[in-house]
Amino acid sequence: MRKVYLDNNATTQLHPEALDAMLPYLKDSYGNPSSIHQFGREVWGDIVDARASVANLLGCDTSEIYFTSGGTEADNIAVIGTAYANADKGKHVITSSIEHHAVLESCHYLEKNGFEVTYLPVDEDGCVNPDDLKKAIRKDTILVSIMHINNETGSIQDIKTMASIAKDAGVYFHTDAVQSAGKEPVNVGALGIDLLAASAHKINGPKGSGLIYIRKGTKVEPRMYGGHHESGMRAGTENVAGIIGLSKALEISCANMETEYHRYTDLTSKLWNGITSQVDDVVLNGCKCGNRRFPNTLNISFKGIEGEAIILNLDIIGIGVASGSACSSGSTDPSHVLLAMGVESWVARGSLRISFGKFTTEEDIDYVIEQVPPVVERLRKMSPVYNR
Amino acid sequence: MADRVLVAMSGGVDSSATAIILKRAGYDVIGVTMKLWQGENIDSELEVKTCCGTDSARDAKYVCQKFNVPHYTINYADAFRKDVVDNLIYEYFAGRTPNPCIRCNTYMKWGELVKLADKLQAEYIATGHYARIREAGDGEFRLLKGVDGHKDQSYALWGISRGLLSRTLLPIGERQKSGIRQLLQDEGINFFEKPESQEICFIPDDDLPGFLKESAEKLGLEITEGDIVDDSGEVIGKHKGLPYYTIGQRKGLGISNPVPLYVKDIDTEHNRLVVSENDDLRSSNCTVTNLNWLISPPKPDSEVEFEVKIRYRHQAARALCSVNNDGSVRVEFKQPQRAITPGQSAVFYDRERVMGGGVIDNVD
């Protein structure tokens, strides 16, 4: 059976070069970077290089990069760690209603611990209006956390404008850049942000490896205590191979960013045109014109059928796609992101998320264009709610 | 291409074995765990116990993965609440004793799961029930008791649409329970040290009164105390609210009497609980409604003799069944039966074969 993986916003295939870069640290270079002897020192030196490389790609100082176990941990540090460290100034946090659970659940945790959180709405394209942020900032606001690119729809937020609004108000600004770092230019200085979370496995790096950027001078409390690793911000012996893999994956993806962007744009058009030329009543969820949507993600709904039924049928024939976000699959609850965009209930329940990655080929898209229409056709025939 | 079958997998022994047997037999198996209940009060401990918990879904998924079978957990909580849970609550409030497992089979497995089978182009659905389906020479499919008499669950399957028998596979019913455990052991599946499923899967700690009380508040139903009377109508105590009682119940009446007393009637009209001594609970006749026939339905005004089973653990008894004009069935037992209970199912058997069934509406 042919296998086609189109769920790259959930995770991606490890790049062979990243694997090659990691292998020595899983074999011969096993030293603990904190050790005083040469076994440790050689590994320590390579982490310094990796940190420098990452800092260079994100446009910050090496001392502002802290390696973590992934995007979720980075978001937890950014949201909870910053809120706790600045609680003396106020207990109000602002985020958006379309954040990943790593941020949303961290905010819920804060709410249980005496903080107040404002969840900004989004427009029909899935974008936060910077004016809404401006209005929501209060005297006791200490942190704003808005994601860069949304994992479900690919909607791109105007981080630069919103970070500047926060800065003018003297409020810290965090962005969850798990879906953007390595895919879209992310220069922390140009964006004007204080904190950023990124992950390796969304850009063909290894799972269990991520980072947080914390601008120098930003008050953040650690969430993990122990040794003095990562300047005391994140205790625990370094995931050496993971860090090396992250650094390598980010290098490769940044080097190919522009080519990949254009390739994704072509693939998205091909897929959208290929499906809509055969199937009626299909809705694109997110920015229709494409200006505010990252082109590796195509989130679509088919009138009259649940996304889940399509996904199961595609799985049976070897095509891996998602409904909503990976973390909430296994249930037919409508996507919180789509609901926040104000879509009709059938759109939220019927959504299919197709996301491309580095190893997605044109043949993969051809296969999907060939396979999806008959599945939709068949399911609609037995749908009690679909009338053509 | 191999025939595709969706196996309803609770994560327990029987449904896991069902999936394995069918896979070994060459079917194109897909495992489905139906997530049925999302009670607010379900805690992690309870989830281990129930058939709808996430731990169970994990076990089912694990078995599937071991045998290279796709597995999906699908949320049916809305349909389950509507068709099974709410019905149970309203039935208790109507003074009846419902059997939610039977409705779950009819509405969830031979309802929702069949719909999913259609969507996934599966010819069959399968469950781990101890019952059998046989194709007779005339092309008709018959539902039969399971081979293991102690485990037979055919009683709980009377509600299957007749037309779905040909699309149903029940491989476990062909075997003894002991053989199923052995089969799993031989296949290297050894994490099944689970207790048997409890009384009602969605009721925490089997605390039915607590569940009804909580549900009543949510649904705006009232539970009112009232009198307990004896056969002569004399008031001999107070009841806590009729939904808390079941016909035949002896414990928890709060009345001291030289001879044990049993609930004989739940009189919702007068909010009275009628209690009596054991022998008075026997009756010979009842009316059965909501019929489902697994044979050509008998014509109105016809009379047929069946063995009729009036609860899961009841020894089926011979009865004359006459079909009324409205489709209901009048059952006259040859011998009086103890505690015939409205809300429970009456299932009609011809020796091994389930002919049909319905819900006991009233007893006289």
# chains A, B, ... in the order shown; residues from 1 in each chain; ligands from 1

$ interface_residues --of "chain A" --to "chain B" --cutoff "12 Å" --atoms "only C-alpha atoms" --output "ChimeraX atom specification"
/A:305-318,328-334,375-384

$ write_last_selection --atoms "C-alpha atoms" --output "CSV table (one decimal), in the first residue's frame"
chain,number,residue,atom,x,y,z
A,305,ILE,CA,-19.7,15.0,6.3
A,306,GLU,CA,-17.6,14.9,9.4
A,307,GLY,CA,-13.9,15.3,9.0
A,308,GLU,CA,-13.3,12.2,11.1
A,309,ALA,CA,-15.1,9.9,8.6
A,310,ILE,CA,-12.8,11.2,5.8
A,311,ILE,CA,-9.7,10.8,7.9
A,312,LEU,CA,-10.5,7.2,8.8
A,313,ASN,CA,-11.2,6.4,5.2
A,314,LEU,CA,-7.9,8.0,4.1
A,315,ASP,CA,-6.0,6.2,6.9
A,316,ILE,CA,-7.3,2.9,5.6
A,317,ILE,CA,-5.8,3.6,2.2
A,318,GLY,CA,-2.5,4.9,3.6
A,328,SER,CA,-7.6,16.6,20.2
A,329,SER,CA,-8.0,13.9,17.7
A,330,GLY,CA,-9.8,10.8,18.9
A,331,SER,CA,-12.8,12.9,19.7
A,332,THR,CA,-15.3,14.5,17.4
A,333,ASP,CA,-15.4,17.7,19.4
A,334,PRO,CA,-15.3,20.6,17.0
A,375,VAL,CA,-14.4,9.2,-0.6
A,376,VAL,CA,-16.2,12.5,-0.2
A,377,GLU,CA,-18.7,11.4,-2.9
A,378,ARG,CA,-19.4,8.1,-1.2
A,379,LEU,CA,-19.8,9.6,2.3
A,380,ARG,CA,-22.1,12.3,1.0
A,381,LYS,CA,-24.3,9.7,-0.6
A,382,MET,CA,-25.0,8.2,2.8
A,383,SER,CA,-25.1,11.5,4.6
A,384,PRO,CA,-28.6,12.3,6.1

$ residues_around --residues "region 347-359 of chain B" --least-positions-apart "3" --cutoff "8 Å" --atoms "only C-alpha atoms" --output "list in words"
Arg142, Leu143, Leu144, Lys145, Ser154, Tyr155, Trp158, Gly159, Val288, Thr289, Asn290, Leu291, Asn292, Trp293, Leu294, Ile295, Phe306, Glu307, Val308, Lys309, Ile310, Ala316, Pro342, Gly343 and Gln344 of chain B

$ select_by_dssp --residues "region 47-293 of chain B" --states "strand (DSSP E)" --output "VMD selection string"
chain B and resid 71 to 75 124 to 126 131 to 135 141 to 145 168 to 169 226 to 229 235 to 239 262 to 267 272 to 276 282 to 293

$ select_by_dssp --residues "region 193-266 of chain B" --states "alpha helix (DSSP H)" --output "PyMOL selection string"
chain B and resi 208-219

$ residues_around --residues "Arg293 (chain A)" --least-positions-apart "4" --cutoff "7 Å" --atoms "only C-alpha atoms" --output "PyMOL selection string"
chain A and resi 154-156+286-287

$ write_last_selection --atoms "C-alpha atoms" --output "PDB file, in the first residue's frame"
ATOM      1  CA  GLY A 154      -1.739  28.174   9.236  1.00  0.00           C
ATOM      2  CA  SER A 155      -3.024  31.662  10.021  1.00  0.00           C
ATOM      3  CA  ILE A 156      -0.150  34.120  10.505  1.00  0.00           C
ATOM      4  CA  GLY A 286      -8.370  30.448   7.138  1.00  0.00           C
ATOM      5  CA  CYS A 287      -7.277  33.340   4.999  1.00  0.00           C
TER       6      CYS A 287
END

$ residues_around --residues "region 98-107 of chain A" --least-positions-apart "5" --cutoff "6 Å" --atoms "only C-alpha atoms" --output "number ranges by chain"
A: 72, 75-76, 337

$ write_last_selection --atoms "N, CA and C atoms" --output "PDB file, in the first residue's frame"
ATOM      1  N   THR A  72       6.288  22.608  24.185  1.00  0.00           N
ATOM      2  CA  THR A  72       5.370  22.688  25.318  1.00  0.00           C
ATOM      3  C   THR A  72       6.082  23.200  26.569  1.00  0.00           C
ATOM      4  N   ASP A  75       6.763  26.873  26.212  1.00  0.00           N
ATOM      5  CA  ASP A  75       5.556  27.673  26.429  1.00  0.00           C
ATOM      6  C   ASP A  75       5.203  27.750  27.913  1.00  0.00           C
ATOM      7  N   ASN A  76       5.384  26.642  28.617  1.00  0.00           N
ATOM      8  CA  ASN A  76       5.107  26.643  30.057  1.00  0.00           C
ATOM      9  C   ASN A  76       6.015  27.616  30.798  1.00  0.00           C
ATOM     10  N   VAL A 337     -10.198  26.208  17.509  1.00  0.00           N
ATOM     11  CA  VAL A 337      -9.665  27.246  16.638  1.00  0.00           C
ATOM     12  C   VAL A 337     -10.723  27.666  15.616  1.00  0.00           C
TER      13      VAL A 337
END

$ residues_around --residues "Asn362 (chain B)" --least-positions-apart "2" --cutoff "9 Å" --atoms "only C-alpha atoms" --output "ChimeraX atom specification"
/B:285-288,340-343,360,364

$ residues_around --residues "Thr82 (chain A)" --least-positions-apart "3" --cutoff "8 Å" --atoms "only C-alpha atoms" --output "ChimeraX atom specification"
/A:77-79,85-86,143,219-221

$ closest_residue --among "B:Lys213, B:Lys177, B:Arg311, B:Lys238" --to "Ala17 (chain B)" --atoms "only C-alpha atoms"
B:Lys177

$ residues_around --residues "region 349-363 of chain A" --least-positions-apart "4" --cutoff "7 Å" --atoms "only C-alpha atoms" --output "PyMOL selection string"
chain A and resi 6-9+12+152+267+296-302+305-307+321-324+332+334+345+367

$ closest_residue --among "A:Glu116, A:Asp88, A:Asp366, A:Glu111" --to "Thr268 (chain A)" --atoms "only C-alpha atoms"
A:Asp366

$ atom_distance --atom1 "CA of Asp326 (chain B)" --atom2 "CA of Pro300 (chain B)"
7.8 Å

$ atom_distance --atom1 "CA of Asp59 (chain B)" --atom2 "CA of Arg167 (chain B)"
25.9 Å

$ decode --residues "region 252-319 of chain B" --atoms "C-alpha atoms" --output "tab-separated table (two decimals), in the first residue's frame"
chain	number	residue	atom	x	y	z
B	252	GLY	CA	-32.93	-1.12	52.38
B	253	LEU	CA	-36.66	-0.82	53.04
B	254	GLY	CA	-36.09	0.32	56.63
B	255	ILE	CA	-38.99	-1.67	58.05
B	256	SER	CA	-38.72	-4.31	60.75
B	257	ASN	CA	-41.08	-7.20	60.18
B	258	PRO	CA	-41.01	-10.81	61.47
B	259	VAL	CA	-41.13	-12.04	57.85
B	260	PRO	CA	-38.91	-10.42	55.17
B	261	LEU	CA	-40.73	-7.89	53.00
B	262	TYR	CA	-40.20	-7.38	49.30
B	263	VAL	CA	-41.10	-4.58	46.93
B	264	LYS	CA	-44.16	-5.76	45.08
B	265	ASP	CA	-45.28	-2.68	43.22
B	266	ILE	CA	-44.00	0.81	42.50
B	267	ASP	CA	-47.12	2.94	42.41
B	268	THR	CA	-46.00	6.19	40.80
B	269	GLU	CA	-49.56	7.46	40.53
B	270	HIS	CA	-49.99	7.60	44.30
B	271	ASN	CA	-46.26	7.83	45.11
B	272	ARG	CA	-46.57	4.63	47.13
B	273	LEU	CA	-44.30	1.66	47.49
B	274	VAL	CA	-46.24	-1.56	47.95
B	275	VAL	CA	-44.42	-4.28	49.87
B	276	SER	CA	-45.37	-7.85	50.48
B	277	GLU	CA	-44.09	-11.26	51.51
B	278	ASN	CA	-42.21	-13.32	48.98
B	279	ASP	CA	-44.94	-15.51	47.58
B	280	ASP	CA	-47.06	-12.55	46.69
B	281	LEU	CA	-44.43	-11.47	44.11
B	282	ARG	CA	-45.28	-14.28	41.78
B	283	SER	CA	-47.38	-13.51	38.77
B	284	SER	CA	-48.27	-15.29	35.58
B	285	ASN	CA	-49.03	-12.57	33.10
B	286	CYS	CA	-47.42	-9.53	31.65
B	287	THR	CA	-47.62	-7.33	28.58
B	288	VAL	CA	-44.54	-6.71	26.47
B	289	THR	CA	-44.15	-3.67	24.23
B	290	ASN	CA	-41.44	-2.25	21.93
B	291	LEU	CA	-41.19	-5.59	20.17
B	292	ASN	CA	-38.35	-6.60	17.91
B	293	TRP	CA	-38.71	-9.87	16.05
B	294	LEU	CA	-35.81	-11.89	14.73
B	295	ILE	CA	-38.21	-14.12	12.82
B	296	SER	CA	-41.04	-13.29	10.44
B	297	PRO	CA	-43.21	-11.29	12.87
B	298	PRO	CA	-46.20	-13.33	14.07
B	299	LYS	CA	-49.55	-11.96	12.90
B	300	PRO	CA	-51.87	-10.09	15.26
B	301	ASP	CA	-54.26	-12.36	17.14
B	302	SER	CA	-51.90	-15.31	16.70
B	303	GLU	CA	-50.70	-17.38	19.63
B	304	VAL	CA	-47.25	-18.94	19.92
B	305	GLU	CA	-45.57	-20.84	22.70
B	306	PHE	CA	-42.05	-19.69	23.60
B	307	GLU	CA	-39.66	-19.99	26.47
B	308	VAL	CA	-39.54	-16.51	27.91
B	309	LYS	CA	-36.67	-15.04	29.85
B	310	ILE	CA	-37.56	-11.98	31.94
B	311	ARG	CA	-34.12	-10.94	33.19
B	312	TYR	CA	-30.50	-11.78	32.47
B	313	ARG	CA	-30.19	-14.42	35.20
B	314	HIS	CA	-33.69	-15.83	34.81
B	315	GLN	CA	-34.29	-19.43	33.83
B	316	ALA	CA	-36.46	-19.12	30.73
B	317	ALA	CA	-39.97	-20.37	31.39
B	318	ARG	CA	-42.64	-21.65	29.03
B	319	ALA	CA	-45.36	-19.20	28.18
